[in-house]
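Student: I am sharing final.txt, which consists of compact mmCIF, C-alpha atoms:
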```txt
# COMPACT_ATOMS: atom_id res chain seq x y z
CA MET A 1 -106.54 -40.45 -2.06
CA THR A 2 -106.99 -37.73 -4.63
CA ILE A 3 -107.22 -34.31 -3.06
CA ASN A 4 -108.59 -32.03 -5.74
CA LYS A 5 -109.70 -33.89 -8.81
CA SER A 6 -109.08 -31.12 -11.31
CA ILE A 7 -105.58 -30.09 -10.31
CA GLN A 8 -104.50 -27.26 -12.56
CA LEU A 9 -101.73 -25.51 -10.69
CA ASN A 10 -98.56 -27.22 -9.59
CA ALA A 11 -94.89 -26.43 -9.05
CA ARG A 12 -94.15 -26.60 -12.76
CA ASN A 13 -96.78 -24.23 -14.08
CA ILE A 14 -96.80 -21.49 -11.43
CA THR A 15 -94.68 -18.44 -12.15
CA SER A 16 -90.98 -18.67 -11.33
CA ASP A 17 -91.06 -15.03 -10.28
CA GLU A 18 -90.87 -14.37 -6.54
CA TYR A 19 -93.06 -11.75 -4.85
CA PHE A 20 -91.96 -12.37 -1.26
CA TYR A 21 -88.22 -12.60 -0.82
CA GLY A 22 -85.53 -11.76 1.71
CA HIS A 23 -87.97 -11.65 4.64
CA LYS A 24 -86.87 -12.25 8.22
CA ALA A 25 -89.24 -15.06 9.24
CA CYS A 26 -87.74 -17.88 11.33
CA GLY A 27 -86.21 -20.76 9.38
CA GLY A 28 -88.90 -23.28 8.45
CA CYS A 29 -91.82 -20.85 8.84
CA GLY A 30 -95.01 -22.38 7.41
CA GLU A 31 -96.81 -19.06 7.28
CA SER A 32 -94.23 -17.41 5.02
CA LEU A 33 -94.43 -20.41 2.68
CA ALA A 34 -98.22 -20.04 2.45
CA LEU A 35 -97.80 -16.33 1.73
CA ARG A 36 -95.11 -16.89 -0.89
CA LEU A 37 -97.14 -19.48 -2.82
CA ALA A 38 -100.40 -17.55 -2.54
CA LEU A 39 -98.66 -14.52 -4.08
CA LYS A 40 -97.30 -16.67 -6.89
CA VAL A 41 -100.90 -17.57 -7.74
CA LEU A 42 -102.32 -14.06 -7.22
CA GLY A 43 -99.55 -12.25 -9.07
CA GLU A 44 -98.03 -8.81 -8.89
CA GLU A 45 -101.34 -6.99 -9.21
CA ALA A 46 -102.64 -8.03 -5.81
CA TYR A 47 -102.84 -5.27 -3.20
CA LEU A 48 -102.04 -6.68 0.22
CA SER A 49 -103.36 -5.68 3.62
CA LEU A 50 -101.63 -7.18 6.65
CA PRO A 51 -102.36 -6.49 10.32
CA ALA A 52 -99.72 -6.40 13.02
CA GLY A 53 -98.52 -9.98 13.13
CA CYS A 54 -95.64 -12.18 12.13
CA MET A 55 -95.91 -11.53 8.41
CA ALA A 56 -95.96 -7.76 8.86
CA ALA A 57 -93.12 -7.92 11.38
CA VAL A 58 -90.82 -9.95 9.12
CA SER A 59 -91.36 -8.09 5.87
CA PHE A 60 -91.65 -4.38 6.72
CA ILE A 61 -88.39 -3.92 8.62
CA TYR A 62 -87.24 -0.42 7.76
CA PRO A 63 -85.49 0.10 5.38
CA ASN A 64 -86.29 -3.39 4.08
CA MET A 65 -89.36 -4.29 2.06
CA ALA A 66 -89.75 -7.98 1.36
CA PHE A 67 -92.80 -7.65 -0.91
CA LYS A 68 -92.81 -6.91 -4.58
CA ASN A 69 -96.53 -6.13 -4.38
CA ASN A 70 -98.16 -3.07 -2.91
CA ALA A 71 -98.66 -3.85 0.76
CA ILE A 72 -99.95 -1.94 3.76
CA ILE A 73 -99.98 -2.62 7.50
CA THR A 74 -103.49 -2.14 8.86
CA PRO A 75 -104.68 -1.53 12.42
CA PHE A 76 -105.02 -4.92 14.10
CA ALA A 77 -108.81 -5.02 14.29
CA SER A 78 -109.53 -3.74 10.79
CA THR A 79 -107.69 -5.95 8.29
CA ALA A 80 -110.82 -6.87 6.32
CA ALA A 81 -112.17 -3.29 6.55
CA VAL A 82 -108.96 -1.93 5.01
CA ALA A 83 -108.99 -4.66 2.35
CA THR A 84 -112.55 -3.81 1.29
CA GLY A 85 -111.61 -0.12 1.30
CA VAL A 86 -108.73 -0.90 -1.04
CA ALA A 87 -111.14 -2.94 -3.19
CA ALA A 88 -113.55 0.02 -3.34
CA GLY A 89 -110.68 2.32 -4.29
CA LEU A 90 -109.58 -0.01 -7.08
CA LYS A 91 -113.16 -0.16 -8.34
CA ALA A 92 -113.39 3.65 -8.36
CA LEU A 93 -110.16 3.82 -10.37
CA HIS A 94 -111.53 1.18 -12.81
CA LYS A 95 -108.58 -1.07 -12.07
CA ASP A 96 -109.05 -4.78 -12.42
CA HIS A 97 -106.69 -5.60 -9.56
CA LEU A 98 -107.27 -7.72 -6.50
CA SER A 99 -107.42 -6.76 -2.85
CA VAL A 100 -106.03 -9.45 -0.58
CA ALA A 101 -105.85 -9.59 3.20
CA PHE A 102 -103.39 -11.84 5.02
CA ALA A 103 -103.88 -12.25 8.74
CA GLY A 104 -102.82 -14.72 11.37
CA ASP A 105 -105.18 -16.73 13.53
CA GLY A 106 -105.45 -14.10 16.28
CA GLY A 107 -105.98 -11.30 13.80
CA THR A 108 -108.77 -13.34 12.22
CA ALA A 109 -110.60 -15.29 14.89
CA ASP A 110 -110.26 -12.91 17.85
CA ILE A 111 -109.30 -9.33 17.08
CA GLY A 112 -110.34 -8.98 13.45
CA ILE A 113 -113.53 -11.04 13.46
CA GLN A 114 -116.03 -8.15 13.43
CA ALA A 115 -114.28 -6.41 10.52
CA LEU A 116 -114.17 -9.71 8.63
CA SER A 117 -117.84 -10.40 9.32
CA GLY A 118 -118.80 -6.91 8.12
CA ALA A 119 -116.66 -7.15 5.01
CA ILE A 120 -118.17 -10.50 3.98
CA ASP A 121 -121.61 -9.11 4.67
CA ARG A 122 -121.01 -6.14 2.33
CA GLY A 123 -120.14 -8.62 -0.42
CA GLU A 124 -117.08 -6.78 -1.77
CA LYS A 125 -114.78 -8.73 -4.04
CA PHE A 126 -111.72 -9.46 -1.92
CA ILE A 127 -109.75 -12.45 -0.67
CA TYR A 128 -109.00 -13.08 2.98
CA ILE A 129 -106.30 -15.62 3.79
CA CYS A 130 -105.93 -16.69 7.39
CA THR A 131 -102.57 -18.30 8.10
CA ASP A 132 -103.35 -20.36 11.18
CA ASN A 133 -100.38 -21.17 13.42
CA GLU A 134 -102.59 -21.69 16.45
CA ALA A 135 -101.39 -18.88 18.78
CA TYR A 136 -100.17 -15.29 18.82
CA MET A 137 -96.61 -16.16 17.73
CA ASN A 138 -95.40 -12.65 16.95
CA THR A 139 -95.78 -11.44 20.54
CA GLY A 140 -94.44 -14.60 22.14
CA ILE A 141 -96.88 -17.52 21.89
CA GLN A 142 -100.06 -16.44 23.68
CA LYS A 143 -103.26 -18.45 23.36
CA SER A 144 -105.67 -17.37 20.61
CA GLY A 145 -109.17 -18.54 19.77
CA LEU A 146 -107.66 -21.05 17.36
CA THR A 147 -105.26 -22.71 19.82
CA PRO A 148 -106.16 -26.41 20.02
CA PHE A 149 -107.03 -28.36 23.15
CA GLY A 150 -104.03 -29.27 25.30
CA ALA A 151 -101.51 -26.91 23.71
CA SER A 152 -99.14 -25.21 26.12
CA THR A 153 -98.69 -21.48 25.47
CA THR A 154 -97.36 -18.70 27.69
CA THR A 155 -100.90 -17.82 28.76
CA THR A 156 -102.05 -21.44 29.07
CA PRO A 157 -98.93 -23.09 30.52
CA ALA A 158 -98.84 -26.80 31.26
CA GLY A 159 -99.16 -27.25 35.01
CA LYS A 160 -99.89 -30.14 37.37
CA VAL A 161 -103.64 -29.59 37.50
CA ILE A 162 -104.46 -27.81 34.23
CA ARG A 163 -102.43 -29.20 31.37
CA GLY A 164 -102.37 -26.55 28.67
CA ASN A 165 -105.32 -25.02 26.85
CA ILE A 166 -108.70 -26.29 28.09
CA LYS A 167 -110.76 -25.16 25.09
CA PRO A 168 -110.88 -26.70 21.61
CA LYS A 169 -110.31 -24.66 18.45
CA LYS A 170 -112.93 -22.18 17.31
CA ASN A 171 -114.76 -23.32 14.14
CA MET A 172 -113.60 -20.31 12.15
CA PHE A 173 -114.25 -21.92 8.75
CA GLU A 174 -117.87 -22.64 9.63
CA ILE A 175 -118.35 -19.18 11.17
CA VAL A 176 -117.24 -17.62 7.87
CA ALA A 177 -119.32 -20.05 5.81
CA ALA A 178 -122.40 -19.18 7.90
CA HIS A 179 -122.32 -15.70 6.32
CA GLY A 180 -123.22 -17.33 3.00
CA ILE A 181 -119.82 -16.33 1.57
CA LYS A 182 -119.16 -17.01 -2.12
CA TYR A 183 -116.16 -19.24 -1.51
CA ALA A 184 -114.46 -20.52 1.63
CA ALA A 185 -111.92 -23.28 2.04
CA THR A 186 -109.51 -24.83 4.49
CA ALA A 187 -106.03 -25.88 3.41
CA SER A 188 -102.72 -26.99 4.84
CA VAL A 189 -99.13 -26.27 3.83
CA GLY A 190 -98.67 -30.06 3.83
CA TYR A 191 -100.84 -30.16 0.66
CA LEU A 192 -99.48 -27.26 -1.34
CA GLU A 193 -101.02 -28.04 -4.75
CA ASP A 194 -104.42 -28.22 -3.10
CA PHE A 195 -103.76 -24.86 -1.38
CA MET A 196 -102.65 -23.15 -4.60
CA ASN A 197 -105.72 -24.35 -6.46
CA LYS A 198 -107.96 -23.07 -3.68
CA VAL A 199 -106.28 -19.66 -3.94
CA GLN A 200 -106.97 -19.78 -7.68
CA LYS A 201 -110.63 -20.58 -7.00
CA ALA A 202 -110.80 -17.71 -4.51
CA LYS A 203 -109.34 -15.41 -7.16
CA GLU A 204 -112.05 -16.43 -9.61
CA ALA A 205 -114.90 -16.21 -7.08
CA ASP A 206 -117.54 -13.58 -7.73
CA GLY A 207 -117.44 -11.94 -4.30
CA PRO A 208 -115.65 -12.35 -0.98
CA ALA A 209 -113.50 -15.45 -0.52
CA TYR A 210 -111.86 -16.88 2.59
CA ILE A 211 -109.06 -19.43 2.89
CA HIS A 212 -107.94 -20.87 6.19
CA VAL A 213 -104.49 -22.39 5.84
CA PHE A 214 -102.89 -24.50 8.55
CA SER A 215 -99.25 -23.45 8.85
CA PRO A 216 -96.88 -24.85 11.50
CA CYS A 217 -94.58 -22.57 13.48
CA PRO A 218 -91.28 -24.20 14.56
CA THR A 219 -90.60 -21.52 17.18
CA GLY A 220 -94.02 -21.59 18.82
CA TRP A 221 -94.75 -25.29 18.53
CA GLY A 222 -91.29 -26.49 19.44
CA HIS A 223 -90.52 -28.80 16.52
CA GLU A 224 -87.53 -29.12 14.25
CA SER A 225 -87.56 -26.52 11.48
CA ASP A 226 -87.34 -29.19 8.76
CA GLN A 227 -90.55 -30.89 10.00
CA THR A 228 -92.90 -28.05 9.01
CA ILE A 229 -94.30 -29.67 5.86
CA ALA A 230 -94.28 -33.18 7.34
CA LEU A 231 -96.35 -32.05 10.37
CA ALA A 232 -98.80 -30.09 8.22
CA LYS A 233 -99.33 -33.24 6.15
CA GLU A 234 -99.59 -35.56 9.14
CA VAL A 235 -102.24 -33.41 10.82
CA VAL A 236 -104.48 -33.81 7.77
CA ASP A 237 -103.76 -37.53 7.49
CA ASN A 238 -104.70 -38.22 11.12
CA GLY A 239 -107.87 -36.12 11.02
CA LEU A 240 -106.94 -33.37 13.49
CA TRP A 241 -107.30 -30.86 10.64
CA TYR A 242 -109.51 -31.18 7.58
CA LEU A 243 -109.49 -30.03 3.98
CA ALA A 244 -112.92 -28.75 3.00
CA GLU A 245 -114.60 -26.22 0.76
CA TYR A 246 -117.80 -24.19 0.97
CA GLU A 247 -119.26 -23.19 -2.35
CA ASN A 248 -122.79 -22.41 -3.59
CA GLY A 249 -124.18 -22.95 -0.11
CA ARG A 250 -122.76 -26.45 0.26
CA PHE A 251 -119.90 -27.90 2.24
CA ARG A 252 -117.64 -30.46 0.62
CA LEU A 253 -114.82 -32.53 2.12
CA ASN A 254 -111.73 -32.82 -0.07
CA LYS A 255 -110.09 -35.64 1.81
CA LYS A 256 -111.24 -38.34 4.18
CA PRO A 257 -108.50 -39.37 6.60
CA ASP A 258 -108.10 -42.70 8.28
CA LEU A 259 -109.48 -41.97 11.75
CA SER A 260 -107.78 -45.05 13.18
CA ASN A 261 -104.44 -43.28 12.68
CA ASP A 262 -102.61 -42.67 15.94
CA VAL A 263 -102.38 -38.99 16.89
CA ARG A 264 -99.42 -39.60 19.26
CA PRO A 265 -96.58 -39.27 16.73
CA TYR A 266 -97.98 -35.89 15.66
CA LEU A 267 -98.48 -34.64 19.23
CA LYS A 268 -95.21 -35.94 20.63
CA GLY A 269 -93.21 -34.29 17.86
CA GLN A 270 -94.04 -30.89 19.31
CA ALA A 271 -92.90 -29.36 22.60
CA ARG A 272 -96.28 -27.68 23.15
CA PHE A 273 -98.00 -31.10 23.46
CA ARG A 274 -95.20 -33.04 25.16
CA HIS A 275 -96.75 -32.76 28.65
CA LEU A 276 -100.02 -34.46 27.63
CA LYS A 277 -101.07 -37.57 29.54
CA ASP A 278 -102.93 -40.54 28.07
CA GLU A 279 -106.30 -39.19 29.26
CA ASP A 280 -105.68 -35.87 27.47
CA ILE A 281 -104.80 -37.69 24.27
CA GLU A 282 -107.98 -39.77 24.59
CA ASN A 283 -109.85 -36.49 24.98
CA ILE A 284 -108.24 -35.14 21.79
CA GLU A 285 -109.22 -38.32 19.97
CA ALA A 286 -112.79 -38.02 21.27
CA LEU A 287 -112.97 -34.40 20.03
CA ARG A 288 -111.66 -35.54 16.65
CA GLY A 289 -114.28 -38.32 16.46
CA GLU A 290 -117.08 -35.90 17.36
CA LYS A 291 -116.01 -33.37 14.72
CA TRP A 292 -115.70 -35.99 11.99
CA ALA A 293 -119.04 -37.58 12.85
CA GLN A 294 -120.66 -34.17 12.33
CA MET A 295 -118.73 -33.42 9.14
CA LEU A 296 -119.35 -36.82 7.56
CA ALA A 297 -123.03 -36.64 8.38
CA GLU A 298 -123.68 -33.10 7.21
CA TRP A 299 -121.10 -32.27 4.55
CA GLN A 300 -121.52 -35.06 2.05
CA MET B 1 -86.47 -17.26 -14.40
CA LYS B 2 -86.44 -13.83 -12.88
CA ASN B 3 -85.09 -12.20 -9.76
CA PHE B 4 -82.83 -15.08 -8.88
CA LYS B 5 -79.68 -14.08 -6.93
CA ARG B 6 -81.18 -10.94 -5.59
CA VAL B 7 -78.43 -8.44 -4.86
CA PRO B 8 -78.98 -6.28 -1.78
CA VAL B 9 -79.14 -2.57 -2.50
CA PRO B 10 -75.81 -0.77 -1.91
CA THR B 11 -74.81 -0.01 1.67
CA LEU B 12 -76.69 2.85 3.17
CA THR B 13 -74.05 5.52 3.76
CA SER B 14 -75.86 8.83 3.87
CA LEU B 15 -79.31 9.82 5.04
CA SER B 16 -80.50 10.34 1.48
CA ASP B 17 -79.97 6.62 0.78
CA TYR B 18 -82.76 5.75 3.20
CA PRO B 19 -86.36 5.61 1.99
CA LEU B 20 -88.23 8.72 3.03
CA GLY B 21 -91.33 8.53 5.20
CA SER B 22 -93.17 5.37 6.10
CA SER B 23 -93.08 3.74 2.68
CA CYS B 24 -90.44 1.77 0.80
CA LYS B 25 -89.88 0.78 -2.79
CA SER B 26 -90.83 -2.81 -3.54
CA PHE B 27 -88.04 -5.31 -2.85
CA HIS B 28 -85.87 -2.73 -1.13
CA ILE B 29 -83.68 -5.31 0.58
CA THR B 30 -80.54 -4.09 2.30
CA ASP B 31 -79.08 -7.16 3.98
CA GLN B 32 -78.78 -10.91 3.64
CA ASN B 33 -80.03 -13.81 5.74
CA SER B 34 -77.10 -16.15 5.21
CA GLY B 35 -75.71 -15.61 8.72
CA TRP B 36 -78.72 -17.41 10.23
CA ARG B 37 -77.51 -20.76 8.98
CA VAL B 38 -75.68 -23.55 10.83
CA PHE B 39 -76.19 -26.29 8.24
CA MET B 40 -76.33 -25.50 4.55
CA PRO B 41 -78.26 -27.56 1.98
CA VAL B 42 -76.25 -28.91 -0.94
CA ILE B 43 -78.02 -30.22 -4.05
CA HIS B 44 -76.30 -33.25 -5.62
CA LEU B 45 -77.03 -32.48 -9.24
CA ASP B 46 -75.98 -35.94 -10.41
CA GLN B 47 -78.88 -37.41 -8.40
CA CYS B 48 -81.42 -34.62 -8.89
CA VAL B 49 -84.37 -35.52 -11.15
CA SER B 50 -85.81 -31.95 -11.27
CA CYS B 51 -89.09 -32.82 -9.55
CA TYR B 52 -89.51 -29.18 -8.38
CA ARG B 53 -90.34 -30.32 -4.85
CA CYS B 54 -87.57 -28.31 -3.12
CA TYR B 55 -88.46 -25.22 -5.14
CA LEU B 56 -92.09 -25.56 -4.09
CA VAL B 57 -91.54 -26.11 -0.36
CA CYS B 58 -88.81 -23.51 0.31
CA PRO B 59 -90.34 -20.81 2.58
CA GLU B 60 -87.70 -18.33 1.37
CA GLY B 61 -88.10 -18.99 -2.34
CA ALA B 62 -84.32 -19.39 -2.38
CA ILE B 63 -84.26 -22.42 -4.72
CA HIS B 64 -84.62 -21.82 -8.45
CA GLN B 65 -83.80 -23.30 -11.79
CA ASN B 66 -80.87 -21.66 -13.53
CA GLU B 67 -80.34 -21.20 -17.26
CA ASP B 68 -79.17 -24.83 -17.62
CA GLN B 69 -82.45 -26.07 -16.06
CA LYS B 70 -80.52 -27.18 -12.96
CA PHE B 71 -81.74 -26.29 -9.49
CA GLU B 72 -79.60 -23.84 -7.61
CA ILE B 73 -79.75 -22.37 -4.09
CA ASP B 74 -79.41 -18.66 -3.39
CA TYR B 75 -77.13 -18.97 -0.34
CA ASP B 76 -77.48 -15.27 0.40
CA TYR B 77 -81.07 -15.83 1.52
CA CYS B 78 -81.17 -19.53 2.51
CA LYS B 79 -81.71 -19.84 6.27
CA GLY B 80 -80.77 -23.52 6.43
CA CYS B 81 -84.12 -24.72 7.79
CA GLY B 82 -83.68 -28.13 6.14
CA ILE B 83 -87.19 -28.47 4.69
CA CYS B 84 -85.79 -29.08 1.19
CA ALA B 85 -83.51 -31.89 2.39
CA ASN B 86 -86.32 -33.45 4.43
CA GLU B 87 -88.83 -33.27 1.59
CA CYS B 88 -86.50 -34.52 -1.16
CA LYS B 89 -87.80 -38.04 -1.80
CA ILE B 90 -84.61 -39.35 -3.38
CA LYS B 91 -82.33 -37.65 -0.83
CA ALA B 92 -80.49 -35.61 -3.44
CA ILE B 93 -80.10 -32.73 -0.97
CA SER B 94 -77.90 -33.10 2.10
CA MET B 95 -77.33 -30.72 4.97
CA VAL B 96 -73.66 -29.91 5.49
CA LYS B 97 -72.18 -28.10 8.50
CA GLU B 98 -71.06 -24.73 7.32
CA GLU B 99 -67.50 -23.54 7.83
CA LYS B 100 -67.45 -19.90 8.83
```
Re-express the file's structure as structure tokens.
Tutor:
Amino acid sequence: MTINKSIQLNARNITSDEYFYGHKACGGCGESLALRLALKVLGEEAYLSLPAGCMAAVSFIYPNMAFKNNAIITPFASTAAVATGVAAGLKALHKDHLSVAFAGDGGTADIGIQALSGAIDRGEKFIYICTDNEAYMNTGIQKSGLTPFGASTTTTPAGKVIRGNIKPKKNMFEIVAAHGIKYAATASVGYLEDFMNKVQKAKEADGPAYIHVFSPCPTGWGHESDQTIALAKEVVDNGLWYLAEYENGRFRLNKKPDLSNDVRPYLKGQARFRHLKDEDIENIEALRGEKWAQMLAEWQ
Amino acid sequence: MKNFKRVPVPTLTSLSDYPLGSSCKSFHITDQNSGWRVFMPVIHLDQCVSCYRCYLVCPEGAIHQNEDQKFEIDYDYCKGCGICANECKIKAISMVKEEK
């Protein structure tokens, strides 16, 4: 099961310098790990734009500053607009630096989607990294457009009749790819080498690039803080999340999971899915089967 | 190996020690995260094979190689989440209850 055949970056050859340190994220935060490793690939010369969200809340605590890079907090709805503005400014100054936006799932799929769509449409060279933890975690676990079916959040609580979220996840990766973007990819913090190489590809892309990285949240999902990486790996192995790329107008799957894998160990390890009954789990498996039938048929 | 054992900036005593306006210098870190911990990870260097796994998976970036090429934990910023101990394939990291 090779993930990315030409693996160039790994733990040994990335820089030992840290660009994100001393932040106040919860112990075991998958999102901060994605941010830390992405910055190791992008380097000190990346200019960051972050909307209101976990990563802004944990790093810009006055008088603390957890970034080594230049970083700015943007209005919630305009992350990608600010990032392309920064890119235009860098171009005007003849600086060969990168503009990078980091937003959570709510800031990408719900609130920031029009700014992102416009920015991709304008074709500016910038990188947008969506760290997907499947709800608005910063404000206290409210449902977002990327919350999966069955998950209990404070706005979709598990009751007797309606058990958690009734809608499946939005296909954010395909929405972005539909713009004809230069490079888009999905990743998971369970496969970190694969993620780092995708960030490298995004850095080299000749135009806008988007990476959607699946990053567990121990506080919001209700799992042990040491299970972050294990869950992010398991979700790829059982097919509930996928590793794919969109390049030159074509989709490509990086990994084919074994769809006969049981999803129960993954679901039952998290408090947000603990209420699910057998029929709900069958529904989740049916959704997974549907999605993979489409991907295997169209993305080969 | 750079920036390992980051030392917090001196205690803020007067108003002029605080950053002015809404911007800060990069890595202006004034306090530590060590108080968050209940269990602390301990690397057993006699078992460690330097696979870099713990360094890669640490969300804090608190694990680094020192001058002797041995892995070391910056306990000032380790939050004790246990990812390193869970991911270590040869179990060379154990979580120990911290005496306070």
Student: Name all residues at most 12 Å from Val9 in chain B (count only C-alpha atoms; drop same-chain ones fewer than 6 positions away) and give them as a PyMOL selection string.
Tutor: (chain A and resi 22+63-65) or (chain B and resi 17-19+25-32)
Student: Within 9 Å of chain A, which residues of chain B show up? Give each one with its shortest atom-to-atom distance in Å (one decimal) and the two atoms involved, counting only C-alpha atoms, rows by chain then rising residue number, as CSV.
Tutor:
```
residue,atom,partner,partner_atom,distance
B:Met1,CA,A:Ser16,CA,5.6
B:Lys2,CA,A:Asp17,CA,5.4
B:Asn3,CA,A:Asp17,CA,6.6
B:Phe4,CA,A:Asp17,CA,8.3
B:Arg6,CA,A:Gly22,CA,8.5
B:Tyr18,CA,A:Pro63,CA,6.6
B:Pro19,CA,A:Pro63,CA,6.5
B:Ser22,CA,A:Tyr62,CA,8.5
B:Ser23,CA,A:Tyr62,CA,8.8
B:Cys24,CA,A:Met65,CA,6.3
B:Lys25,CA,A:Met65,CA,7.0
B:Ser26,CA,A:Lys68,CA,4.7
B:Phe27,CA,A:Met65,CA,5.2
B:His28,CA,A:Met65,CA,5.0
B:Ile29,CA,A:Asn64,CA,4.8
B:Thr30,CA,A:Asn64,CA,6.1
B:Asp31,CA,A:Asn64,CA,8.1
B:Gln32,CA,A:Gly22,CA,7.1
B:Asn33,CA,A:Gly22,CA,7.1
B:Trp36,CA,A:Gly27,CA,8.2
B:Arg37,CA,A:Gly27,CA,8.7
B:Cys51,CA,A:Arg12,CA,8.6
B:Tyr52,CA,A:Ala11,CA,6.1
B:Arg53,CA,A:Ala11,CA,7.3
B:Tyr55,CA,A:Ala11,CA,7.6
B:Leu56,CA,A:Ala11,CA,5.8
B:Val57,CA,A:Leu33,CA,7.1
B:Cys58,CA,A:Leu33,CA,6.8
B:Pro59,CA,A:Leu33,CA,4.1
B:Glu60,CA,A:Tyr21,CA,6.2
B:Gly61,CA,A:Tyr21,CA,6.6
B:Ala62,CA,A:Tyr21,CA,8.0
B:His64,CA,A:Ser16,CA,7.7
B:Gln65,CA,A:Ser16,CA,8.6
B:Asp76,CA,A:Gly22,CA,8.9
B:Tyr77,CA,A:Gly22,CA,6.0
B:Cys78,CA,A:Gly27,CA,8.6
B:Lys79,CA,A:Gly27,CA,5.5
B:Gly80,CA,A:Gly27,CA,6.8
B:Cys81,CA,A:Gly27,CA,4.8
B:Gly82,CA,A:Asp226,CA,4.6
B:Ile83,CA,A:Asp226,CA,4.1
B:Cys84,CA,A:Asp226,CA,7.7
B:Ala85,CA,A:Asp226,CA,7.9
B:Asn86,CA,A:Asp226,CA,6.2
B:Glu87,CA,A:Ile229,CA,7.8
```
Student: What is the CA of Ser188 in chain A-CA of Ile73 in chain A distance in Å, reported with one decimal?
Tutor: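 These atoms are spaced 24.7 Å apart.
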Student: For the atom pair CA of Leu39 in chain A and CA of Val199 in chain A, what is the interatomic distance in Å to one decimal place?
Tutor: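 Taking CA of Leu39 in chain A and CA of Val199 in chain A, their separation equals 9.2 Å.
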Student: Please compute the CA of Ser78 in chain A-CA of Asp110 in chain A distance, one decimal, in Å.
Tutor: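 Going from CA of Ser78 in chain A over to CA of Asp110 in chain A, I get 11.6 Å.
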Student: Find the residue from B:Ile90, B:Lys100, B:Ser34, B:Val7 that sits nearest to Cys54 in chain B; use all atoms listed in the file when measuring.
Tutor: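 Smallest separation from Cys54 in chain B among the options: B:Ile90.
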Student: Taking only C-alpha atoms into account, which of A:Tyr136, A:Phe173, A:Tyr128, A:Phe214 comes nearest Leu98 in chain A?
Tutor: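 Comparing A:Tyr136, A:Phe173, A:Tyr128, A:Phe214 against Leu98 in chain A, the winner is A:Tyr128.
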Student: Contacts of Phe251 in chain A at 6 Å or less, counting all atoms listed in the file, minus same-chain residues fewer than 4 places along, as a ChimeraX atom specification?
Tutor: /A:245-246,299
Student: Of the candidates A:Lys182, A:His212, A:Lys198, A:Arg122, which one gets nearest to Asp105 in chain A if we count all atoms listed in the file?
Tutor: A:His212
Student: Hey, what's within 9 Å of Gly159 in chain A if we count all atoms listed in the file and toss same-chain stuff fewer than 4 positions away? As a PyMOL selection string, please?
Tutor: chain A and resi 163-164+275
Student: Using only C-alpha atoms, which of the listed residues (A:Ile129, A:Thr74, A:Met137, A:Ala46) sits closest to Met196 in chain A?
Tutor: A:Ile129
Student: For Ile175 in chain A, please output as a ChimeraX atom specification all residues within 10 Å (counting all atoms listed in the file; exclusion window: fewer than 5 positions along the same chain).
Tutor: /A:109,113,117,170,180
Student: Calculated over all atoms listed in the file, which of the candidates A:Leu116, A:Ile141, A:Ala209, A:Lys91 has the smallest distance to Cys54 in chain A?
Tutor: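 Of all the options, A:Ile141 lies closest to Cys54 in chain A.
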Student: So that all listed atoms of range 91-95 of chain B fit with 6 Å spare on each side, what axis-aligned box centre and edge lengths in Å, to one decimal, would you give as lines of an AutoDock Vina configuration file?
Tutor:
```
center_x = -79.8
center_y = -34.2
center_z = 0.8
size_x = 17.0
size_y = 18.9
size_z = 20.4
```
Student: Excluding Ala83 in chain A and any residue of its chain fewer than 4 positions from it, enumerate the residues within 8 Å of it, using all atoms listed in the file, and give them as a PyMOL selection string.
Tutor: chain A and resi 48-49+79+87+99-101+126
Student: Within 7 Å of (-79.4, -29.2, 2.2), in the coordinates the file gives, what residues turn up when you count all atoms listed in the file, written out as a list in words?
Tutor: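 Residues close enough to count: Met40, Pro41, Val42, Ile43, Gly82, Cys84, Ala85, Ile93, Ser94, Met95 and Val96 of chain B.
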